[in-house]
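Engineer: Pasting protein_17.cif here (mmCIF, C-alpha atoms):
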```cif
data_query
#
loop_
_atom_site.label_atom_id
_atom_site.label_comp_id
_atom_site.auth_asym_id
_atom_site.auth_seq_id
_atom_site.Cartn_x
_atom_site.Cartn_y
_atom_site.Cartn_z
CA MET O 297 -15.60 -3.79 -4.01
CA ASP O 298 -18.34 -3.02 -6.60
CA ASP O 299 -18.85 -6.78 -6.98
CA VAL O 300 -19.54 -7.09 -3.26
CA PHE O 301 -22.14 -4.32 -3.21
CA LYS O 302 -23.83 -5.68 -6.35
CA ALA O 303 -23.89 -9.20 -4.95
CA LEU O 304 -25.36 -8.00 -1.66
CA ALA O 305 -28.00 -5.82 -3.35
CA ASP O 306 -30.29 -8.79 -3.93
CA ALA O 307 -32.55 -10.34 -1.28
CA SER O 308 -32.31 -13.87 -2.73
CA ARG O 309 -28.53 -13.77 -2.60
CA ARG O 310 -28.59 -12.42 0.95
CA SER O 311 -30.88 -15.29 1.93
CA LEU O 312 -28.39 -17.77 0.45
CA LEU O 313 -25.67 -16.16 2.59
CA ASP O 314 -28.00 -16.43 5.62
CA ARG O 315 -28.41 -20.13 4.95
CA LEU O 316 -24.65 -20.61 4.79
CA HIS O 317 -24.24 -18.57 7.95
CA ALA O 318 -26.68 -20.93 9.69
CA LYS O 319 -24.93 -24.00 8.24
CA ASN O 320 -21.58 -23.70 6.52
CA GLY O 321 -20.32 -26.06 3.80
CA GLN O 322 -23.52 -26.99 1.95
CA THR O 323 -23.98 -28.66 -1.43
CA LEU O 324 -26.15 -27.10 -4.14
CA ASN O 325 -28.89 -29.63 -3.35
CA GLU O 326 -28.90 -28.74 0.34
CA LEU O 327 -29.01 -25.05 -0.49
CA CYS O 328 -31.99 -25.53 -2.81
CA GLU O 329 -34.03 -27.42 -0.20
CA GLY O 330 -37.09 -25.52 0.93
CA LEU O 331 -36.37 -22.53 -1.29
CA ALA O 332 -38.92 -21.05 -3.67
CA MET O 333 -36.15 -20.60 -6.26
CA THR O 334 -35.36 -22.90 -9.17
CA ARG O 335 -32.10 -24.78 -9.12
CA GLN O 336 -30.91 -22.71 -12.09
CA ALA O 337 -31.65 -19.48 -10.24
CA VAL O 338 -29.74 -20.67 -7.18
CA THR O 339 -26.80 -21.67 -9.38
CA LYS O 340 -26.79 -18.25 -11.05
CA HIS O 341 -26.87 -16.44 -7.70
CA LEU O 342 -24.05 -18.63 -6.37
CA VAL O 343 -21.86 -17.72 -9.34
CA ILE O 344 -22.35 -14.01 -8.58
CA LEU O 345 -21.59 -14.59 -4.90
CA GLU O 346 -18.48 -16.58 -5.80
CA GLU O 347 -17.27 -13.87 -8.17
CA ALA O 348 -17.63 -11.35 -5.35
CA ASN O 349 -15.64 -13.75 -3.12
CA LEU O 350 -18.55 -13.89 -0.66
CA VAL O 351 -18.86 -17.63 -1.21
CA THR O 352 -15.96 -20.06 -1.47
CA THR O 353 -16.30 -23.55 -2.86
CA TYR O 354 -14.40 -26.62 -1.79
CA ARG O 355 -14.26 -30.09 -3.31
CA HIS O 356 -14.88 -32.77 -0.72
CA GLY O 357 -14.80 -36.15 -2.40
CA ARG O 358 -17.49 -35.98 -5.07
CA GLU O 359 -19.28 -33.07 -3.47
CA LYS O 360 -18.85 -29.37 -4.13
CA LEU O 361 -19.41 -27.53 -0.86
CA HIS O 362 -20.23 -23.85 -0.49
CA TYR O 363 -18.82 -21.76 2.35
CA LEU O 364 -19.69 -18.28 3.51
CA ASN O 365 -16.66 -16.00 3.14
CA PRO O 366 -17.35 -12.78 5.07
CA VAL O 367 -13.83 -11.36 4.58
CA PRO O 368 -14.89 -8.85 1.86
CA ILE O 369 -17.64 -7.54 4.14
CA HIS O 370 -15.06 -6.90 6.84
CA GLN O 371 -12.91 -5.25 4.21
CA ILE O 372 -15.67 -2.68 3.76
CA GLY O 373 -15.71 -2.13 7.51
CA GLU O 374 -11.93 -1.90 7.57
CA ARG O 375 -12.05 0.85 4.98
CA TRP O 376 -14.57 3.11 6.66
CA ILE O 377 -14.57 2.15 10.32
CA LYS O 378 -11.58 3.13 12.36
CA LYS O 379 -10.03 0.76 14.81
CA PHE O 380 -10.85 2.84 17.87
CA GLU O 381 -14.51 2.87 16.85
CA ARG O 382 -14.70 -0.87 16.52
CA GLY O 383 -14.81 -1.54 20.27
CA LYS O 384 -17.73 0.85 20.68
CA LEU O 385 -19.59 -0.60 17.70
CA THR O 386 -19.14 -4.13 18.97
CA ALA O 387 -20.50 -3.04 22.34
CA LEU O 388 -23.44 -1.31 20.64
CA SER O 389 -24.33 -4.26 18.42
CA GLU O 390 -24.08 -6.56 21.44
CA LEU O 391 -26.43 -4.25 23.37
CA LYS O 392 -28.85 -4.24 20.42
CA ARG O 393 -28.74 -8.03 20.25
CA GLN O 394 -29.39 -8.40 23.98
CA LEU O 395 -32.29 -5.96 23.92
CA GLU O 396 -33.87 -7.61 20.89
CA LYS O 397 -33.50 -11.02 22.48
CA ARG O 398 -35.33 -9.75 25.56
CA ASP O 399 -38.22 -8.55 23.39
CA GLU O 400 -38.73 -11.94 21.78
CA MET Z 109 -11.29 -36.57 6.35
CA SER Z 110 -14.40 -34.82 7.60
CA LYS Z 111 -15.43 -31.65 5.84
CA PRO Z 112 -13.81 -28.43 7.10
CA GLU Z 113 -15.91 -26.08 9.19
CA PHE Z 114 -14.56 -22.81 7.82
CA ILE Z 115 -12.81 -21.73 4.66
CA TYR Z 116 -11.87 -18.10 4.26
CA VAL Z 117 -10.36 -16.62 1.13
CA THR Z 118 -8.80 -13.26 0.52
CA TYR Z 119 -6.82 -11.86 -2.40
CA ILE Z 120 -3.92 -9.65 -1.39
CA GLU Z 121 -1.66 -7.46 -3.51
CA THR Z 122 1.64 -8.75 -2.20
CA THR Z 123 4.19 -11.49 -2.75
CA PRO Z 124 4.02 -14.98 -1.22
CA GLU Z 125 7.30 -14.24 0.63
CA GLU Z 126 5.93 -11.11 2.23
CA LEU Z 127 2.66 -12.80 3.14
CA TRP Z 128 4.58 -15.68 4.69
CA GLN Z 129 6.51 -13.22 6.81
CA ALA Z 130 3.28 -11.50 7.84
CA LEU Z 131 1.90 -14.82 9.07
CA THR Z 132 5.00 -15.94 10.95
CA ASP Z 133 6.72 -12.81 12.28
CA GLY Z 134 5.63 -11.39 15.65
CA ASP Z 135 6.45 -7.79 14.69
CA PHE Z 136 4.03 -8.19 11.77
CA THR Z 137 1.25 -10.06 13.58
CA GLU Z 138 1.25 -7.48 16.36
CA ARG Z 139 0.25 -4.85 13.79
CA TYR Z 140 -2.75 -6.58 12.20
CA TRP Z 141 -3.70 -9.37 14.63
CA PHE Z 142 -5.02 -6.99 17.25
CA SER Z 143 -1.71 -6.75 19.14
CA HIS Z 144 -1.11 -10.52 19.29
CA ARG Z 145 2.54 -11.49 18.82
CA VAL Z 146 3.47 -14.89 17.45
CA ALA Z 147 6.74 -16.67 18.17
CA SER Z 148 8.13 -19.94 16.81
CA ASP Z 149 11.08 -21.28 14.82
CA TRP Z 150 8.43 -22.62 12.38
CA SER Z 151 9.97 -26.03 11.85
CA VAL Z 152 7.60 -28.99 11.73
CA GLY Z 153 6.91 -30.32 15.22
CA SER Z 154 7.95 -27.07 16.94
CA ASP Z 155 5.69 -25.14 19.29
CA TYR Z 156 4.31 -21.74 18.43
CA ARG Z 157 2.54 -19.30 20.69
CA PHE Z 158 0.53 -16.11 20.37
CA THR Z 159 0.83 -13.68 23.28
CA LEU Z 160 -1.03 -10.49 24.09
CA GLU Z 161 0.86 -8.09 26.34
CA GLY Z 162 3.01 -10.99 27.52
CA GLU Z 163 0.04 -13.22 28.34
CA ASN Z 164 -0.34 -16.56 26.51
CA ARG Z 165 -3.41 -16.56 24.31
CA LEU Z 166 -3.05 -19.33 21.74
CA GLU Z 167 -0.67 -22.18 21.21
CA GLY Z 168 -0.01 -25.30 19.23
CA LYS Z 169 2.43 -27.26 17.11
CA VAL Z 170 3.59 -26.63 13.58
CA LEU Z 171 2.23 -29.37 11.31
CA ILE Z 172 3.33 -28.17 7.87
CA SER Z 173 5.91 -25.52 7.10
CA ASP Z 174 6.59 -25.09 3.40
CA PRO Z 175 7.55 -21.43 2.86
CA PRO Z 176 6.11 -19.54 1.08
CA ARG Z 177 3.36 -21.96 0.05
CA LYS Z 178 1.74 -23.76 2.94
CA LEU Z 179 1.62 -23.41 6.71
CA ALA Z 180 -0.47 -25.52 9.08
CA TYR Z 181 -0.61 -25.66 12.86
CA THR Z 182 -2.74 -27.00 15.65
CA TRP Z 183 -4.79 -24.42 17.48
CA LYS Z 184 -5.78 -24.23 21.11
CA GLY Z 185 -6.80 -21.24 23.19
CA CYS Z 186 -4.89 -20.86 26.49
CA ALA Z 187 -7.73 -19.39 28.57
CA GLU Z 188 -9.68 -21.53 31.04
CA GLU Z 189 -12.79 -21.55 28.83
CA TYR Z 190 -10.87 -23.51 26.16
CA ARG Z 191 -9.62 -26.20 28.54
CA ARG Z 192 -12.19 -28.82 27.48
CA GLU Z 193 -12.08 -27.91 23.79
CA ARG Z 194 -10.66 -30.22 21.18
CA VAL Z 195 -7.38 -29.12 19.56
CA SER Z 196 -8.34 -27.77 16.13
CA ARG Z 197 -6.26 -27.20 13.02
CA VAL Z 198 -5.50 -24.16 10.89
CA THR Z 199 -4.06 -24.33 7.37
CA PHE Z 200 -2.90 -21.41 5.24
CA ASP Z 201 -2.46 -21.92 1.49
CA LEU Z 202 -0.64 -19.18 -0.42
CA GLU Z 203 -1.07 -19.22 -4.20
CA PRO Z 204 0.50 -16.52 -6.37
CA ARG Z 205 -1.85 -15.21 -9.07
CA GLY Z 206 0.16 -12.67 -11.03
CA GLU Z 207 0.41 -9.49 -8.97
CA ILE Z 208 -1.72 -10.89 -6.16
CA VAL Z 209 -1.69 -13.81 -3.79
CA LYS Z 210 -4.74 -15.90 -3.04
CA LEU Z 211 -4.73 -16.76 0.65
CA THR Z 212 -6.99 -19.62 1.69
CA LEU Z 213 -7.43 -20.29 5.38
CA THR Z 214 -9.05 -23.54 6.45
CA HIS Z 215 -10.00 -24.14 10.07
CA ASP Z 216 -11.18 -27.64 10.86
CA ASN Z 217 -11.46 -30.27 13.56
CA LEU Z 218 -13.48 -27.85 15.68
CA ASP Z 219 -15.91 -28.75 18.46
CA GLU Z 220 -19.44 -28.14 17.27
CA ALA Z 221 -21.02 -25.37 19.32
CA GLY Z 222 -17.73 -24.85 21.17
CA VAL Z 223 -16.28 -21.52 22.27
CA THR Z 224 -13.45 -21.76 19.72
CA LEU Z 225 -15.93 -22.05 16.85
CA ARG Z 226 -17.83 -18.99 18.00
CA GLY Z 227 -14.65 -17.01 18.52
CA ILE Z 228 -13.01 -17.75 15.20
CA SER Z 229 -16.13 -17.18 13.09
CA GLU Z 230 -15.96 -13.56 14.25
CA GLY Z 231 -12.20 -13.34 14.57
CA TRP Z 232 -10.80 -14.67 11.29
CA PRO Z 233 -12.65 -12.32 8.91
CA MET Z 234 -11.44 -9.36 10.98
CA VAL Z 235 -7.85 -10.62 11.16
CA LEU Z 236 -7.74 -11.34 7.42
CA ALA Z 237 -9.28 -7.98 6.48
CA SER Z 238 -6.75 -6.27 8.72
CA LEU Z 239 -3.87 -8.30 7.23
CA LYS Z 240 -4.93 -7.30 3.72
CA SER Z 241 -5.05 -3.62 4.71
CA LEU Z 242 -1.61 -3.77 6.29
CA LEU Z 243 0.05 -5.42 3.30
CA GLU Z 244 -1.68 -3.26 0.69
CA ASN Z 245 -1.63 0.10 2.43
CA GLY Z 246 1.52 -0.22 4.49
CA GLN Z 247 -0.27 0.39 7.73
CA ILE Z 248 -3.62 -0.30 9.24
CA LEU Z 249 -5.91 2.60 9.83
CA GLY Z 250 -3.12 4.99 10.60
CA ILE Z 251 -4.11 8.64 10.59
CA PRO Z 252 -1.71 10.48 8.27
CA ARG Z 253 0.01 13.54 9.63
CA PRO Z 254 -1.05 16.83 8.10
CA ILE Z 255 1.32 17.85 5.31
CA ALA Z 256 2.50 20.95 7.21
CA ALA Z 257 3.55 18.76 10.13
CA GLN Z 258 5.45 16.42 7.80
CA GLU Z 259 7.30 19.34 6.26
CA ALA Z 260 8.10 20.71 9.69
CA ILE Z 261 9.66 17.36 10.61
CA ARG Z 262 11.73 17.28 7.44
CA ALA Z 263 12.96 20.86 7.85
#
```
Hey, can you dump this file as structure tokens for me?
Structural biologist:
Amino acid sequence: MDDVFKALADASRRSLLDRLHAKNGQTLNELCEGLAMTRQAVTKHLVILEEANLVTTYRHGREKLHYLNPVPIHQIGERWIKKFERGKLTALSELKRQLEKRDE
Amino acid sequence: MSKPEFIYVTYIETTPEELWQALTDGDFTERYWFSHRVASDWSVGSDYRFTLEGENRLEGKVLISDPPRKLAYTWKGCAEEYRRERVSRVTFDLEPRGEIVKLTLTHDNLDEAGVTLRGISEGWPMVLASLKSLLENGQILGIPRPIAAQEAIRA
């Protein structure tokens, strides 16, 4: 679980996860597009994310695709959030989302 | 083959046999899959179905059944909102790695921007996290009895 917290404690790595959340299954080239990071930096961040099991890779023909794997994040929730609280939290985050959408 | 839409991986301290049972036995799924019970004979070509309080929720056909290594089935929600959705496909790969098992779940052949896609992207991580907790801790989120109460029961 330390790996997960360390991996998430970096804004560049979180932005890579955001990009995969927006579009799953990207190649390294796609992930580098439009980023202010060097290819080497992206590669390094991806290794850390993979080691934390937050990113999964898959070989598709000649391409190596990167997938967001949010299971460890849910594992954190599973550890500290009880089942009966989950319904309420889902309702609250939905309410927050709706209200924020209205403000846009 | 088109590229899969989702690949989820979790590492679980268990055996492939136990994990296989957890994926295919209704008494197990009911405990971690938010009260959904699965039923099937798990032979290739057979139907399987997930029910919630007796109501059909999910169904499909078994595509691959190679215990305790690989399980694949088609996936279709039973509710009205899924009626126009394409039948998608779920594959579980179980790989023993010493004391742990690497479970890889691939969900593909999904409708882009469909209701199934939205549902599973929230659902699978929760189901897998819950499955891991059940297998590693014996039960999910159970509140242990106070020791005094346990001793009272034993006495």
Engineer: If you measure from atom CA of Z:Phe114 to atom CA of O:Leu364, what distance in Å do you get, rounded to one decimal?
Structural biologist: 8.1 Å
Engineer: Output as CSV one row per residue of chain Z within 6 Å of chain O: the closest atom pair and its distance in Å to one decimal place, counting only C-alpha atoms, sorted by chain and residue number ascending.
Structural biologist:
```
residue,atom,partner,partner_atom,distance
Z:Tyr116,CA,O:Asn365,CA,5.3
Z:Pro233,CA,O:Val367,CA,4.6
Z:Ala237,CA,O:Gln371,CA,5.1
```
Engineer: Got time to write the residues from that selection, C-alpha atoms, as an mmCIF file, in the coordinates of the input?
Structural biologist:
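That gives us out-v8.cif:
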```
data_model
loop_
_atom_site.group_PDB
_atom_site.id
_atom_site.type_symbol
_atom_site.label_atom_id
_atom_site.label_comp_id
_atom_site.auth_asym_id
_atom_site.auth_seq_id
_atom_site.Cartn_x
_atom_site.Cartn_y
_atom_site.Cartn_z
ATOM 1 C CA TYR Z 116 -11.870 -18.100 4.260
ATOM 2 C CA PRO Z 233 -12.650 -12.320 8.910
ATOM 3 C CA ALA Z 237 -9.280 -7.980 6.480
#
```
Engineer: Find the smallest box with edges along x, y and z containing every listed atom of stretch 363-366 of chain O, then add 6 Å on each side and report centre and edge lengths in Å to one decimal, as lines of an AutoDock Vina configuration file.
Structural biologist:
```
center_x = -18.2
center_y = -17.3
center_z = 3.7
size_x = 15.0
size_y = 21.0
size_z = 14.7
```
Engineer: What separation in Å, quoted to one decimal, exists between atom CA of Z:Trp150 and atom CA of Z:His215?
Structural biologist: 18.6 Å
Engineer: Find the residues around Z:Ser173 up to 8 Å (only C-alpha atoms counted), leave out those fewer than 2 positions away in its own chain, and share them as a VMD selection string.
Structural biologist: chain Z and resid 150 to 152 170 to 171 175 178 to 180
Engineer: Let's have the selection written as a short mmCIF file (atom, residue, chain, number, x, y, z; two decimals), in the frame of the given file, with C-alpha atoms.
Structural biologist:
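Result file is result_6.cif:
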```cif
data_model
loop_
_atom_site.label_atom_id
_atom_site.label_comp_id
_atom_site.auth_asym_id
_atom_site.auth_seq_id
_atom_site.Cartn_x
_atom_site.Cartn_y
_atom_site.Cartn_z
CA TRP Z 150 8.43 -22.62 12.38
CA SER Z 151 9.97 -26.03 11.85
CA VAL Z 152 7.60 -28.99 11.73
CA VAL Z 170 3.59 -26.63 13.58
CA LEU Z 171 2.23 -29.37 11.31
CA PRO Z 175 7.55 -21.43 2.86
CA LYS Z 178 1.74 -23.76 2.94
CA LEU Z 179 1.62 -23.41 6.71
CA ALA Z 180 -0.47 -25.52 9.08
#
```
Engineer: Got a sec to resolve the PyMOL selection byres ((chain Z and resi 125) around 10) on this structure and send the residues as a CSV table (one decimal) with C-alpha atoms, in the frame of the given file?
Structural biologist:
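Generated output (expr13.csv):
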```csv
chain,number,residue,atom,x,y,z
Z,122,THR,CA,1.6,-8.8,-2.2
Z,123,THR,CA,4.2,-11.5,-2.8
Z,124,PRO,CA,4.0,-15.0,-1.2
Z,126,GLU,CA,5.9,-11.1,2.2
Z,127,LEU,CA,2.7,-12.8,3.1
Z,128,TRP,CA,4.6,-15.7,4.7
Z,129,GLN,CA,6.5,-13.2,6.8
Z,130,ALA,CA,3.3,-11.5,7.8
Z,175,PRO,CA,7.6,-21.4,2.9
Z,176,PRO,CA,6.1,-19.5,1.1
Z,177,ARG,CA,3.4,-22.0,0.0
Z,202,LEU,CA,-0.6,-19.2,-0.4
```
Engineer: Excluding stretch 223-227 of chain Z and any residue of its chain fewer than 5 positions from it, enumerate the residues within 12 Å of it, using only C-alpha atoms, and give them as a list in words.
Structural biologist: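 Within the cut-off, the hits are His317 and Asn320 of chain O; Pro112, Glu113, Phe114, Leu166, Trp183, Lys184, Gly185, Cys186, Ala187, Glu188, Glu189, Tyr190, Arg191, Arg192, Glu193, Arg194, Val195, Ser196, Arg197, His215, Asp216, Asn217, Leu218, Trp232, Pro233, Met234 and Val235 of chain Z.
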